[in-house]
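One structure is given below, encoded as structure tokens.
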Amino acid sequence: MGKTAKTAKTAGNAADCSINNIYRLEGRVPIGKAIPFGLQHILAMFVSNLAPITIIAGASKTPLTPAQLGMLLQNAMFVAGIATMIQLYPIWRIGSKLPVVMGVSFTFVTVLSTISANYGYPAVVGAVLVGGLFEGTLGLMAKYWRKIITPIVAASVVTAIGFSLFTVGARSFGGGYNDDFGSAQNLILGTVTLAACLLWNIFAKGYLKQLSVLAGLVVGYILAITMGKVDLSMIMSGGIISLPHLMPFKPEFYPGAIISACIIFLVSAAETIGDTSALVAGGLNRKITGEEISGSLGCDGYGSVISGLFGCPPVTSFSQNVGLVNMTKVVNRFTIMTGAACMILAGLLPPVGNFFASLPDAVLGGCTIMMFGTILTSGIQMVADCGFSQRNITIAALSLSIGIGFTTASEVGIWDIFPPMIQSVFSANVVAVVFVVSIILSLILPKDMDVKKIDQQ
């Protein structure tokens, strides 16, 4: 009898650790098979995790030294890994238990660059610390205000996130913010990478089909090396081991800087709600719960406090990885955790971080341009799930038309009459505009707007 029970237990453990668990939130996956899926997530966001720091630090009133910038880039990798771990495996109520990958956010670049230029980089750190506490506390109290984020508001925001990422994918595809943007080399590199992703997705069998992005990255990286687009000499430039630096800058607190940052933290909260809603809808085929929204926002805010303590800008959920989840349906927390562990290692081992950072923009663009489209389609699916009532159509149509139309580069002058703070928050942020307009419409429009047919006499 004991032998039978032991055999059953062994069989149960074997079933618990299966490659099939990649499509389930819980359960173990063999570590050797989990790591490639985790790496795929990290490679999809690695360059974007580092770029905001370079821009914000470059705008500083007192220029940062190359050594200081290198230290911040190392810290950013470490912090992104820690925040992702907390999102996956919550501490108290902080974290959502969802396969959300965290990273340094582009949402804050404009405002934090202005703060950096006007007050200096230490003021950026001070604003991030206060703003992070603000968003984190707001997240823990989400049950008191969550009702204003109706399903059609969330659906509109997710759709807006998809639209906002199209130009990001195109910029990466063409070579990023480099002098050779749009060159034949970059376009060839992006096209070959995209073709490799598509071919892998067509011909691979079973669970291997979900590694199409990683396959494209490998093919693109090898091609980039042969084209001379990768500087391999930099990989060992930072030594073998380097511990992250806590409090590299003494924070400074300015009311104007803090207020500006808190406003953008509200916009970031809207994006996080949209990201996590899209992930749950596309990856888990259900609606997000109040506890998951509260936990994800708590991790956003308090994770940003941790980021600030290491001198870095705020961290938030990465839309790139939401697109990857929606495309592959790989939602396993253990699997994503292996990617977070790689991020932490990258923050401790400079060669690992330098290797990831050497990935050319065009290769990343070839892999992500289709992923961003899946976020848009998730938003459209969420709108459809809400139902095409007259009220829902009005909210989605008007918020998207204003949000996309008023933030298009050629029409950005429409914001010129507004104060600089309003311009910095809304003029180039389609998600922020859609969020505000959709909430206002959701609050003021009658609950029943459907046209009623007149009975024929």
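The way I read the labels, and the way they are meant: chains A, B, ... in the order of the structure tokens, residue 1 as the first residue of every chain, and ligand 1 as the first ligand shown, with later ones counted on from there.
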
Report as a PyMOL selection string all protein, DNA and RNA residues lying within 7 Å of stretch 264-270 of chain A, evaluated on only C-alpha atoms, omitting residues in the same chain fewer than 3 positions from it.
chain A and resi 107-108+131+135+260-261+273-274+297+425+432+435

I need the residues of stretch 93-318 of chain A that end up classed as alpha helix (DSSP H) by DSSP on the backbone, written out as an MDAnalysis selection string.
chainID A and resid 109:119 121:140 151:173 184:203 212:226 255:279 290:309

Please extract the residues of stretch 7-200 of chain A with a backbone DSSP assignment of strand (DSSP E or B) and present them as a PDB file with all heavy atoms, in the first residue's frame.
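Saved file out.pdb follows:
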ATOM      1  N   CYS A  17       5.116  18.876 -13.042  1.00  0.00           N
ATOM      2  CA  CYS A  17       6.238  19.507 -13.738  1.00  0.00           C
ATOM      3  C   CYS A  17       6.206  19.060 -15.200  1.00  0.00           C
ATOM      4  O   CYS A  17       6.765  18.031 -15.558  1.00  0.00           O
ATOM      5  CB  CYS A  17       7.555  19.109 -13.079  1.00  0.00           C
ATOM      6  SG  CYS A  17       8.988  20.016 -13.714  1.00  0.00           S
ATOM      7  N   ARG A  28       4.708  23.828 -12.399  1.00  0.00           N
ATOM      8  CA  ARG A  28       6.130  23.891 -12.718  1.00  0.00           C
ATOM      9  C   ARG A  28       6.377  23.430 -14.140  1.00  0.00           C
ATOM     10  O   ARG A  28       5.660  22.600 -14.680  1.00  0.00           O
ATOM     11  CB  ARG A  28       6.928  23.010 -11.747  1.00  0.00           C
ATOM     12  CG  ARG A  28       6.898  23.480 -10.311  1.00  0.00           C
ATOM     13  CD  ARG A  28       7.687  24.752 -10.097  1.00  0.00           C
ATOM     14  NE  ARG A  28       9.089  24.566 -10.364  1.00  0.00           N
ATOM     15  CZ  ARG A  28       9.982  24.168  -9.459  1.00  0.00           C
ATOM     16  NH1 ARG A  28       9.591  23.907  -8.231  1.00  0.00           N
ATOM     17  NH2 ARG A  28      11.247  24.020  -9.773  1.00  0.00           N
ATOM     18  N   ILE A  91       4.273  40.316  -2.326  1.00  0.00           N
ATOM     19  CA  ILE A  91       4.602  40.539  -0.923  1.00  0.00           C
ATOM     20  C   ILE A  91       3.401  41.242  -0.304  1.00  0.00           C
ATOM     21  O   ILE A  91       3.089  42.379  -0.683  1.00  0.00           O
ATOM     22  CB  ILE A  91       5.869  41.406  -0.774  1.00  0.00           C
ATOM     23  CG1 ILE A  91       7.078  40.701  -1.401  1.00  0.00           C
ATOM     24  CG2 ILE A  91       6.133  41.730   0.685  1.00  0.00           C
ATOM     25  CD1 ILE A  91       8.334  41.536  -1.414  1.00  0.00           C
ATOM     26  N   ILE A  94       0.992  43.502  -2.398  1.00  0.00           N
ATOM     27  CA  ILE A  94       1.736  44.185  -3.459  1.00  0.00           C
ATOM     28  C   ILE A  94       2.175  43.153  -4.485  1.00  0.00           C
ATOM     29  O   ILE A  94       3.029  42.317  -4.224  1.00  0.00           O
ATOM     30  CB  ILE A  94       2.952  44.939  -2.879  1.00  0.00           C
ATOM     31  CG1 ILE A  94       2.489  45.940  -1.825  1.00  0.00           C
ATOM     32  CG2 ILE A  94       3.724  45.640  -3.983  1.00  0.00           C
ATOM     33  CD1 ILE A  94       3.623  46.562  -1.038  1.00  0.00           C
ATOM     34  N   MET A 102       7.995  43.696 -15.632  1.00  0.00           N
ATOM     35  CA  MET A 102       8.158  45.101 -15.265  1.00  0.00           C
ATOM     36  C   MET A 102       9.457  45.659 -15.839  1.00  0.00           C
ATOM     37  O   MET A 102      10.439  44.940 -15.998  1.00  0.00           O
ATOM     38  CB  MET A 102       8.169  45.251 -13.746  1.00  0.00           C
ATOM     39  CG  MET A 102       6.957  44.660 -13.038  1.00  0.00           C
ATOM     40  SD  MET A 102       5.470  45.628 -13.289  1.00  0.00           S
ATOM     41  CE  MET A 102       5.831  47.024 -12.215  1.00  0.00           C
ATOM     42  N   GLY A 103       9.447  46.949 -16.145  1.00  0.00           N
ATOM     43  CA  GLY A 103      10.649  47.594 -16.648  1.00  0.00           C
ATOM     44  C   GLY A 103      10.532  49.101 -16.544  1.00  0.00           C
ATOM     45  O   GLY A 103       9.465  49.644 -16.239  1.00  0.00           O
ATOM     46  N   VAL A 104      11.640  49.804 -16.770  1.00  0.00           N
ATOM     47  CA  VAL A 104      11.659  51.265 -16.713  1.00  0.00           C
ATOM     48  C   VAL A 104      10.788  51.823 -17.833  1.00  0.00           C
ATOM     49  O   VAL A 104      10.921  51.436 -18.990  1.00  0.00           O
ATOM     50  CB  VAL A 104      13.102  51.798 -16.822  1.00  0.00           C
ATOM     51  CG1 VAL A 104      13.109  53.326 -16.842  1.00  0.00           C
ATOM     52  CG2 VAL A 104      13.939  51.287 -15.654  1.00  0.00           C
TER      53      VAL A 104
END

Interatomic distance between atom CA of A:Gln40 and atom CA of A:Ala155?
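Answer for the atom CA of A:Gln40 to atom CA of A:Ala155 separation: 26.6 Å.
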
Residues of stretch 289-401 of chain A that have any atom at most 9 Å from an atom of stretch 77-87 of chain A: could you tabulate them with the shortest-distance atom pair and the distance in Å to one decimal, using only C-alpha atoms, ordered by chain and increasing number, as CSV?
residue,atom,partner,partner_atom,distance
A:Gly295,CA,A:Gln87,CA,7.7
A:Ser296,CA,A:Gln87,CA,6.6
A:Cys299,CA,A:Gln87,CA,6.1
A:Asp300,CA,A:Ala83,CA,8.0
A:Tyr302,CA,A:Ala83,CA,8.9
A:Gly303,CA,A:Ala83,CA,5.5
A:Ser304,CA,A:Ala83,CA,8.3
A:Ile306,CA,A:Val79,CA,7.2
A:Ser307,CA,A:Val79,CA,5.8
A:Phe310,CA,A:Val79,CA,7.7
A:Cys312,CA,A:Val79,CA,8.4
A:Val315,CA,A:Ala80,CA,6.9
A:Thr316,CA,A:Ala83,CA,8.6
A:Ser317,CA,A:Thr84,CA,8.6
A:Ile336,CA,A:Thr84,CA,8.7
A:Met337,CA,A:Met85,CA,6.5
A:Gly339,CA,A:Gly81,CA,8.0
A:Ala340,CA,A:Gly81,CA,4.5
A:Ala341,CA,A:Gly81,CA,6.3
A:Cys342,CA,A:Gly81,CA,7.5
A:Met343,CA,A:Gly81,CA,4.8
A:Ile344,CA,A:Phe78,CA,4.5
A:Leu345,CA,A:Phe78,CA,7.3
A:Ala346,CA,A:Met77,CA,6.3
A:Gly347,CA,A:Phe78,CA,4.3
A:Leu348,CA,A:Phe78,CA,7.2
A:Gly353,CA,A:Met77,CA,7.6

Those selected residues, please, written with C-alpha atoms and delivered as a PDB file, in the first residue's frame.
ATOM      1  CA  GLY A 295      -1.850  44.287  -6.679  1.00  0.00           C
ATOM      2  CA  SER A 296      -0.500  45.311 -10.081  1.00  0.00           C
ATOM      3  CA  CYS A 299       3.702  46.788  -7.482  1.00  0.00           C
ATOM      4  CA  ASP A 300       3.882  49.618 -10.038  1.00  0.00           C
ATOM      5  CA  TYR A 302       6.128  50.608  -4.608  1.00  0.00           C
ATOM      6  CA  GLY A 303       8.324  48.966  -7.249  1.00  0.00           C
ATOM      7  CA  SER A 304       9.030  52.489  -8.507  1.00  0.00           C
ATOM      8  CA  ILE A 306      12.607  50.631  -5.036  1.00  0.00           C
ATOM      9  CA  SER A 307      13.704  51.837  -8.463  1.00  0.00           C
ATOM     10  CA  PHE A 310      18.629  52.724  -6.883  1.00  0.00           C
ATOM     11  CA  CYS A 312      16.380  54.863 -11.610  1.00  0.00           C
ATOM     12  CA  VAL A 315       9.080  50.872 -13.378  1.00  0.00           C
ATOM     13  CA  THR A 316       5.773  49.735 -14.831  1.00  0.00           C
ATOM     14  CA  SER A 317       4.228  46.858 -16.752  1.00  0.00           C
ATOM     15  CA  ILE A 336       8.340  34.136 -16.528  1.00  0.00           C
ATOM     16  CA  MET A 337      10.221  33.991 -13.223  1.00  0.00           C
ATOM     17  CA  GLY A 339      13.330  35.561 -17.174  1.00  0.00           C
ATOM     18  CA  ALA A 340      13.170  37.802 -14.087  1.00  0.00           C
ATOM     19  CA  ALA A 341      16.071  35.821 -12.617  1.00  0.00           C
ATOM     20  CA  CYS A 342      18.048  36.495 -15.805  1.00  0.00           C
ATOM     21  CA  MET A 343      17.356  40.221 -15.387  1.00  0.00           C
ATOM     22  CA  ILE A 344      18.668  40.128 -11.820  1.00  0.00           C
ATOM     23  CA  LEU A 345      21.762  38.264 -13.027  1.00  0.00           C
ATOM     24  CA  ALA A 346      22.229  40.869 -15.748  1.00  0.00           C
ATOM     25  CA  GLY A 347      22.292  43.485 -13.005  1.00  0.00           C
ATOM     26  CA  LEU A 348      24.941  41.548 -11.079  1.00  0.00           C
ATOM     27  CA  GLY A 353      23.791  42.788 -19.339  1.00  0.00           C
TER      28      GLY A 353
END

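Shell of A:Leu39 at 12 Å, with only C-alpha atoms counted and residues fewer than 4 places along the chain excluded, is Gly32, Lys33, Ala34, Ile35, Leu43, Ala44, Met45, Phe46, Val101, Leu211, Val213, Leu214, Ala215, Leu217, Val218, Asn321, Thr335, Ile336, Met337, Thr338, Gly339, Ala340, Ala341, Cys342, Met343, Ala346, Val352 and Phe356 of chain A.
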
Residue subset to file, keeping N, CA and C atoms, as a PDB file, in the first residue's frame:
ATOM      1  N   GLY A  32      15.008  23.528 -17.831  1.00  0.00           N
ATOM      2  CA  GLY A  32      15.694  23.658 -19.116  1.00  0.00           C
ATOM      3  C   GLY A  32      14.774  24.120 -20.235  1.00  0.00           C
ATOM      4  N   LYS A  33      13.485  23.803 -20.112  1.00  0.00           N
ATOM      5  CA  LYS A  33      12.515  24.220 -21.118  1.00  0.00           C
ATOM      6  C   LYS A  33      11.866  25.560 -20.761  1.00  0.00           C
ATOM      7  N   ALA A  34      11.882  25.911 -19.479  1.00  0.00           N
ATOM      8  CA  ALA A  34      11.289  27.181 -19.051  1.00  0.00           C
ATOM      9  C   ALA A  34      12.183  28.361 -19.410  1.00  0.00           C
ATOM     10  N   ILE A  35      13.500  28.185 -19.298  1.00  0.00           N
ATOM     11  CA  ILE A  35      14.430  29.301 -19.495  1.00  0.00           C
ATOM     12  C   ILE A  35      14.300  29.947 -20.871  1.00  0.00           C
ATOM     13  N   LEU A  43      14.415  39.449 -23.625  1.00  0.00           N
ATOM     14  CA  LEU A  43      14.996  40.006 -24.843  1.00  0.00           C
ATOM     15  C   LEU A  43      14.019  40.946 -25.543  1.00  0.00           C
ATOM     16  N   ALA A  44      12.722  40.681 -25.392  1.00  0.00           N
ATOM     17  CA  ALA A  44      11.716  41.522 -26.047  1.00  0.00           C
ATOM     18  C   ALA A  44      11.665  42.920 -25.454  1.00  0.00           C
ATOM     19  N   MET A  45      12.113  43.092 -24.196  1.00  0.00           N
ATOM     20  CA  MET A  45      11.989  44.397 -23.554  1.00  0.00           C
ATOM     21  C   MET A  45      13.316  44.997 -23.099  1.00  0.00           C
ATOM     22  N   PHE A  46      14.432  44.275 -23.324  1.00  0.00           N
ATOM     23  CA  PHE A  46      15.684  44.665 -22.678  1.00  0.00           C
ATOM     24  C   PHE A  46      16.154  46.050 -23.100  1.00  0.00           C
ATOM     25  N   VAL A 101       5.640  41.465 -16.841  1.00  0.00           N
ATOM     26  CA  VAL A 101       7.062  41.809 -16.816  1.00  0.00           C
ATOM     27  C   VAL A 101       7.185  43.309 -16.601  1.00  0.00           C
ATOM     28  N   LEU A 211       8.122  29.723 -29.365  1.00  0.00           N
ATOM     29  CA  LEU A 211       9.442  30.351 -29.239  1.00  0.00           C
ATOM     30  C   LEU A 211       9.826  31.105 -30.512  1.00  0.00           C
ATOM     31  N   VAL A 213       9.581  34.243 -31.325  1.00  0.00           N
ATOM     32  CA  VAL A 213      10.285  35.504 -31.099  1.00  0.00           C
ATOM     33  C   VAL A 213      11.746  35.253 -30.765  1.00  0.00           C
ATOM     34  N   LEU A 214      12.005  34.272 -29.900  1.00  0.00           N
ATOM     35  CA  LEU A 214      13.389  33.945 -29.554  1.00  0.00           C
ATOM     36  C   LEU A 214      14.146  33.470 -30.792  1.00  0.00           C
ATOM     37  N   ALA A 215      13.499  32.651 -31.628  1.00  0.00           N
ATOM     38  CA  ALA A 215      14.145  32.174 -32.858  1.00  0.00           C
ATOM     39  C   ALA A 215      14.498  33.344 -33.772  1.00  0.00           C
ATOM     40  N   LEU A 217      15.025  36.442 -32.852  1.00  0.00           N
ATOM     41  CA  LEU A 217      16.116  37.200 -32.225  1.00  0.00           C
ATOM     42  C   LEU A 217      17.471  36.548 -32.476  1.00  0.00           C
ATOM     43  N   VAL A 218      17.521  35.225 -32.384  1.00  0.00           N
ATOM     44  CA  VAL A 218      18.787  34.508 -32.618  1.00  0.00           C
ATOM     45  C   VAL A 218      19.241  34.683 -34.068  1.00  0.00           C
ATOM     46  N   ASN A 321       5.580  42.912 -23.519  1.00  0.00           N
ATOM     47  CA  ASN A 321       5.432  41.558 -22.997  1.00  0.00           C
ATOM     48  C   ASN A 321       3.979  41.120 -22.918  1.00  0.00           C
ATOM     49  N   THR A 335       7.692  30.104 -15.391  1.00  0.00           N
ATOM     50  CA  THR A 335       8.439  30.331 -16.624  1.00  0.00           C
ATOM     51  C   THR A 335       8.893  31.780 -16.732  1.00  0.00           C
ATOM     52  N   ILE A 336       7.975  32.721 -16.465  1.00  0.00           N
ATOM     53  CA  ILE A 336       8.340  34.136 -16.528  1.00  0.00           C
ATOM     54  C   ILE A 336       9.359  34.468 -15.445  1.00  0.00           C
ATOM     55  N   MET A 337       9.275  33.761 -14.313  1.00  0.00           N
ATOM     56  CA  MET A 337      10.221  33.991 -13.223  1.00  0.00           C
ATOM     57  C   MET A 337      11.654  33.713 -13.657  1.00  0.00           C
ATOM     58  N   THR A 338      11.858  32.714 -14.516  1.00  0.00           N
ATOM     59  CA  THR A 338      13.217  32.436 -14.981  1.00  0.00           C
ATOM     60  C   THR A 338      13.772  33.635 -15.756  1.00  0.00           C
ATOM     61  N   GLY A 339      12.892  34.341 -16.490  1.00  0.00           N
ATOM     62  CA  GLY A 339      13.330  35.561 -17.174  1.00  0.00           C
ATOM     63  C   GLY A 339      13.682  36.646 -16.188  1.00  0.00           C
ATOM     64  N   ALA A 340      12.869  36.805 -15.117  1.00  0.00           N
ATOM     65  CA  ALA A 340      13.170  37.802 -14.087  1.00  0.00           C
ATOM     66  C   ALA A 340      14.512  37.504 -13.424  1.00  0.00           C
ATOM     67  N   ALA A 341      14.788  36.218 -13.206  1.00  0.00           N
ATOM     68  CA  ALA A 341      16.071  35.821 -12.617  1.00  0.00           C
ATOM     69  C   ALA A 341      17.225  36.220 -13.535  1.00  0.00           C
ATOM     70  N   CYS A 342      17.020  36.084 -14.850  1.00  0.00           N
ATOM     71  CA  CYS A 342      18.048  36.495 -15.805  1.00  0.00           C
ATOM     72  C   CYS A 342      18.285  37.999 -15.736  1.00  0.00           C
ATOM     73  N   MET A 343      17.201  38.774 -15.520  1.00  0.00           N
ATOM     74  CA  MET A 343      17.356  40.221 -15.387  1.00  0.00           C
ATOM     75  C   MET A 343      18.171  40.570 -14.144  1.00  0.00           C
ATOM     76  N   ALA A 346      21.674  39.844 -14.864  1.00  0.00           N
ATOM     77  CA  ALA A 346      22.229  40.869 -15.748  1.00  0.00           C
ATOM     78  C   ALA A 346      22.640  42.107 -14.963  1.00  0.00           C
ATOM     79  N   VAL A 352      26.626  39.743 -18.887  1.00  0.00           N
ATOM     80  CA  VAL A 352      25.286  39.307 -19.277  1.00  0.00           C
ATOM     81  C   VAL A 352      24.471  40.510 -19.746  1.00  0.00           C
ATOM     82  N   PHE A 356      22.983  41.393 -23.646  1.00  0.00           N
ATOM     83  CA  PHE A 356      21.594  41.737 -23.968  1.00  0.00           C
ATOM     84  C   PHE A 356      21.517  43.126 -24.597  1.00  0.00           C
TER      85      PHE A 356
END

All residues 7 Å or closer to A:Leu133, only C-alpha atoms, same chain fewer than 4 positions away omitted, as a ChimeraX atom specification:
/A:129,137,301-302,305

Å distance separating atom CA of A:Cys367 from atom CA of A:Val322, one decimal place
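Result for atom CA of A:Cys367 versus atom CA of A:Val322: 13.8 Å, one decimal.
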
Considering only C-alpha atoms, give me a table of residues in stretch 295-341 of chain A that are at most 12 Å from stretch 201-208 of chain A, with the closest atom pair and distance in Å for each, as JSON lines.
{"residue": "A:Met327", "atom": "CA", "partner": "A:Asn201", "partner_atom": "CA", "distance": 10.6}
{"residue": "A:Thr328", "atom": "CA", "partner": "A:Tyr207", "partner_atom": "CA", "distance": 9.4}
{"residue": "A:Lys329", "atom": "CA", "partner": "A:Tyr207", "partner_atom": "CA", "distance": 10.4}
{"residue": "A:Val330", "atom": "CA", "partner": "A:Tyr207", "partner_atom": "CA", "distance": 9.4}

What is the distance, in Å and to one decimal place, between atom CA of A:Gln320 and atom CA of A:Ser399?
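Value for the atom CA of A:Gln320-atom CA of A:Ser399 distance: 22.9 Å.
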
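With only C-alpha atoms taken into account, the protein and nucleic acid residues at most 8 Å from A:Gly126 (excluding it and anything under 2 positions from it in its own chain) are Pro122, Ala123, Val124, Val128, Leu129, Val130, Pro251, Glu252, Phe253, Tyr254, Ile258 and Gly308 of chain A.
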
Which residues, written as a CSV table (one decimal) with C-alpha atoms, in the first residue's frame, have at least one atom at most 6 Å from stretch 228-239 of chain A, with only C-alpha atoms counted and residues fewer than 4 positions away on the same chain left out?
chain,number,residue,atom,x,y,z
A,224,ALA,CA,23.7,41.5,-37.4
A,350,PRO,CA,27.9,43.1,-16.5
A,351,PRO,CA,28.9,40.7,-19.3
A,354,ASN,CA,26.2,44.0,-22.0
A,355,PHE,CA,25.3,41.0,-24.2
